[in-house]
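Novice: One structure, pasted below without further comment.
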Amino acid sequence: MTALANVDSGQPEKAIPVLLALLAQNPNLVRVRLELARAYFNAKDWSRARQEFFIVLSADLPAPVKERVLAFIRAIDNRRGFDWDLSLAVVKVGNQRRYADDTILVDSGGIQVPFTFDRERSDEFGLRAVGAFNFRKPLASLSTANTAASGFTTLAFDLTEAKTRAYDDALLSLAGGLRFTKQRLTYAVAPEIRTRYVAGAKYEDRVGLTASFESRGLEGRSVFARTTFFDITNARDSSLSGHIATASIGVRQAVGGRAIIGVTGRIERENVPNASQDALTTQITAFGTFEMKYGITAQPSLYYRFKNHKNPSPILPADPNQKTYGLRLRLEKNDWFIAGSYTPFFDISYENTRSDIGAFTYTETRSQIGVNRRF
């Protein structure tokens with residue numbers, strides 16, 4: 001098979017389109033998917049290689065083959081050298097929320113006084129670029145016979161450029177830390193710095209620490225967790241400065257050699273002087289990845305979120321806590337290649353947030369269409 005020869009000869013970029021075309025006709029071809037994972041691995045498309053290897057663990061494969069697949073996943077987590085990711089998209093910026101009410105009655109000395117929010121009404125299209133530059137180096141001094149250690153540095157960015165300067169948004173982050181990998185376990189810890197600019201001016205800085213782990217098995221199941229802590233310095237409003245801590249845990253399961261389903265739970269505590277932001281937020285999310293015919297990958301998710309305001313203002317007329325029901329769908333067309341190595345995607349999300357206060361109740365729809373770098 002020419003595609004396999006291309007992979008073995010160090011030309012995976014020629015093999016990937018061929019293998020994707022075969023899977024577009026029949027997503028159940030496990031051997032083809034396994035070779036696609038290997039092609040992505042050789043092309044240094046680490047996230048897709050890892051996903052395809054994880055999916056095939058749920059197929060009817062001999063145990064030695066599955067052990068080899070786990071070895072590939074371990075090698076991905078312990079990879080070395082430089083790589084980068086990039087996606088480009090057209091997005092809608094500006095006011096995407098539709099509030100039930102713009103006016104709220106506040107208590108002023110026992111008298112109900114109306115207050116009207118001056119909310120942004122306009123919107124427009126903008127360009128969004130999301131990506132990262134990654135460098136990793138093995139650390140022999142920290143490695144053992146069963147555990148490989150590596151140091152890593154990641155510079156990530158999320159940039160939105162619009163015609164109206166007020167909608168410009170730039171988020172930059174720099175993280176560097178240690179990652180340890182075993183055959184079925186990966187864990188990492190990293191200090192991180194984040195800076196955000198809005199409308200061309202600094203909005204906030206975050207300095208903190210992130211820790212994560214994943215445990216995986218031969219049958220395509222993994223348990224994963226992540227925790228972060230950040231100190232926040234807001235450049236525009238000191239009442240938004242403080243700290244934020246998050247923790248999440250989840251499980252994912254590969255199914256039938258062509259899909260992944262899972263669920264995560266997340267809790268976040270934002271502790272700042274501003275009463276509207278001082279809150280405890282919990283969320284549960286069900287998600288999936290489905291490799292379908294015609295070269296389409298569908299990634300749906302459903303979630304429920306509850307935001308509990310810890311110190312609501314006494315002048316509010318009712319309970320400001322918010323319940324949110326949301327869904328998101330991302331579609332990727334894997335067998336269409338643009339400019340050689342980019343494939344198109346479409347992403348849409350919808351949220352319905354309810355509160356006893358009409359001015360805090362809204363629906364929000366967001367969408368984007370763009371391309372992802374493959375290799």
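Labeling convention for the structure tokens: chains A, B, ... as they appear, residues from 1 per chain, ligands from 1 in order of appearance.
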For Trp46 of chain A, find every residue with an atom within 9 Å (counting only C-alpha atoms), except residues of its own chain fewer than 5 positions away, and show them as number ranges by chain.
Specialist: A: 40-41, 51, 76-77, 79, 83
Novice: Excluding same-chain residues fewer than 2 positions from segment 246-248 of chain A, what lies within 7 Å of it counting only C-alpha atoms, as an mmCIF file with N, CA and C atoms, in the first residue's frame?
Specialist:
```cif
data_model
loop_
_atom_site.group_PDB
_atom_site.id
_atom_site.type_symbol
_atom_site.label_atom_id
_atom_site.label_comp_id
_atom_site.auth_asym_id
_atom_site.auth_seq_id
_atom_site.Cartn_x
_atom_site.Cartn_y
_atom_site.Cartn_z
ATOM 1 N N ALA A 225 -7.501 14.465 35.442
ATOM 2 C CA ALA A 225 -7.832 15.538 36.384
ATOM 3 C C ALA A 225 -6.875 16.702 36.144
ATOM 4 N N ARG A 226 -7.325 17.876 36.562
ATOM 5 C CA ARG A 226 -6.520 19.085 36.398
ATOM 6 C C ARG A 226 -6.902 20.076 37.490
ATOM 7 N N THR A 227 -5.912 20.760 38.034
ATOM 8 C CA THR A 227 -6.182 21.800 39.022
ATOM 9 C C THR A 227 -5.294 22.998 38.740
ATOM 10 N N THR A 228 -5.824 24.195 38.967
ATOM 11 C CA THR A 228 -5.069 25.423 38.726
ATOM 12 C C THR A 228 -5.323 26.411 39.855
ATOM 13 N N PHE A 229 -4.351 27.260 40.065
ATOM 14 C CA PHE A 229 -4.508 28.371 40.994
ATOM 15 C C PHE A 229 -3.821 29.582 40.391
ATOM 16 N N ILE A 244 -8.172 32.926 41.775
ATOM 17 C CA ILE A 244 -9.146 31.981 41.246
ATOM 18 C C ILE A 244 -8.537 30.586 41.274
ATOM 19 N N GLY A 250 -12.460 13.839 35.289
ATOM 20 C CA GLY A 250 -13.334 13.258 34.285
ATOM 21 C C GLY A 250 -12.885 11.874 33.873
ATOM 22 N N THR A 264 -17.122 15.115 32.463
ATOM 23 C CA THR A 264 -16.223 15.818 33.376
ATOM 24 C C THR A 264 -17.039 16.610 34.393
ATOM 25 N N GLY A 265 -16.459 16.773 35.569
ATOM 26 C CA GLY A 265 -17.009 17.651 36.596
ATOM 27 C C GLY A 265 -15.976 18.715 36.922
ATOM 28 N N ARG A 266 -16.434 19.932 37.126
ATOM 29 C CA ARG A 266 -15.498 21.039 37.347
ATOM 30 C C ARG A 266 -16.048 21.969 38.413
ATOM 31 N N ILE A 267 -15.158 22.482 39.265
ATOM 32 C CA ILE A 267 -15.537 23.456 40.284
ATOM 33 C C ILE A 267 -14.534 24.610 40.241
ATOM 34 N N GLU A 268 -15.042 25.824 40.374
ATOM 35 C CA GLU A 268 -14.190 27.014 40.290
ATOM 36 C C GLU A 268 -14.584 27.994 41.382
ATOM 37 N N ARG A 269 -13.591 28.486 42.086
ATOM 38 C CA ARG A 269 -13.816 29.495 43.131
ATOM 39 C C ARG A 269 -13.070 30.757 42.752
#
```
Novice: Taking 4 positions as the minimum chain separation for residues in the same chain, which residues sit within 10 Å of Phe224 of chain A when counting only C-alpha atoms? Answer as a PyMOL selection string.
Specialist: chain A and resi 185-187+212-216+248-252+264
Novice: How would you write, as a PyMOL selection string, the set of residues in segment 88-183 of chain A that DSSP gives as strand (DSSP E)?
Specialist: chain A and resi 88-94+97-99+103-108+111-116+123-138+148-162+169-181
Novice: From the list A:Gly94, A:Pro27, A:Pro62, A:Pro138, which residue is nearest Ala199 of chain A when using only C-alpha atoms?
Specialist: A:Gly94
Novice: Out of A:Gly131, A:Gly81, A:Gly295, A:Pro64, which residue has the shortest atom-to-atom distance to Asn372 of chain A when counting only C-alpha atoms?
Specialist: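 Selected residue with least distance to Asn372 of chain A: A:Gly131.
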Novice: Determine, counting only C-alpha atoms, which protein, DNA and RNA residues have an atom within 9 Å of an atom of Arg194 of chain A; residues of the same chain fewer than 2 positions away are not included. Present the result as a list of chain:residue names.
Specialist: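 Using only C-alpha atoms, the neighbours found are A:Leu171, A:Leu172, A:Ser173, A:Leu174, A:Ala175, A:Glu192, A:Arg196, A:Glu204, A:Asp205, A:Arg206, A:Val207, A:Gly208.
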Novice: Please measure the separation of atom CA of Gln253 of chain A and atom CA of Ile348 of chain A, giving the value in Å to one decimal.
Specialist: 24.1 Å
Novice: I need the residue nearest Ala24 of chain A from this list: A:Ser150, A:Ser341, A:Gln183, A:Asn334. Use only C-alpha atoms for the distance.
Specialist: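 Using only C-alpha atoms, Ala24 of chain A sits closest to A:Asn334.
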Novice: As a list of chain:residue names, please: every residue in segment 113-257 of chain A that a backbone DSSP assignment puts in helix (DSSP H, G or I).
Specialist: A:Ala140, A:Ser141, A:Leu142, A:Arg165, A:Ala166, A:Tyr167, A:Ser238, A:Ser239, A:Leu240
Novice: Neighbouring residues of Asn78 of chain A were defined as those with any atom within 9 Å, considering only C-alpha atoms; residues of the same chain fewer than 4 positions away were excluded. Please report them as a VMD selection string.
Specialist: chain A and resid 73 to 74 136 to 138 148 to 150 179 to 181 186
Novice: Counting only C-alpha atoms, what is within 7 Å of Ala89 of chain A, bar same-chain residues fewer than 3 positions away, as a VMD selection string?
Specialist: chain A and resid 127 to 129 368 to 371
Novice: Take the residues from that selection and put them in a file with C-alpha atoms, as a compact mmCIF listing (two decimals), in the first residue's frame.
Specialist:
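And here's part-v3.txt as it stands now:
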```txt
# COMPACT_ATOMS: atom_id res chain seq x y z
CA LEU A 127 -10.54 37.21 12.58
CA ARG A 128 -9.33 34.83 15.26
CA ALA A 129 -5.98 33.04 15.50
CA GLN A 368 -16.94 30.37 14.00
CA ILE A 369 -15.72 28.87 10.76
CA GLY A 370 -12.10 28.35 9.89
CA VAL A 371 -9.19 26.02 9.23
```
Novice: Residues within 9 Å of Val69 of chain A, please, as a PyMOL selection string. Count only C-alpha atoms; anything in the same chain fewer than 2 positions from it doesn't count.
Specialist: chain A and resi 34+53-54+56-57+64-67+71-74+218
Novice: Could you tell me how far atom CA of Lys44 of chain A sits from atom CA of Ala75 of chain A, in Å to one decimal place?
Specialist: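 Going from atom CA of Ala75 of chain A over to atom CA of Lys44 of chain A covers 11.4 Å.
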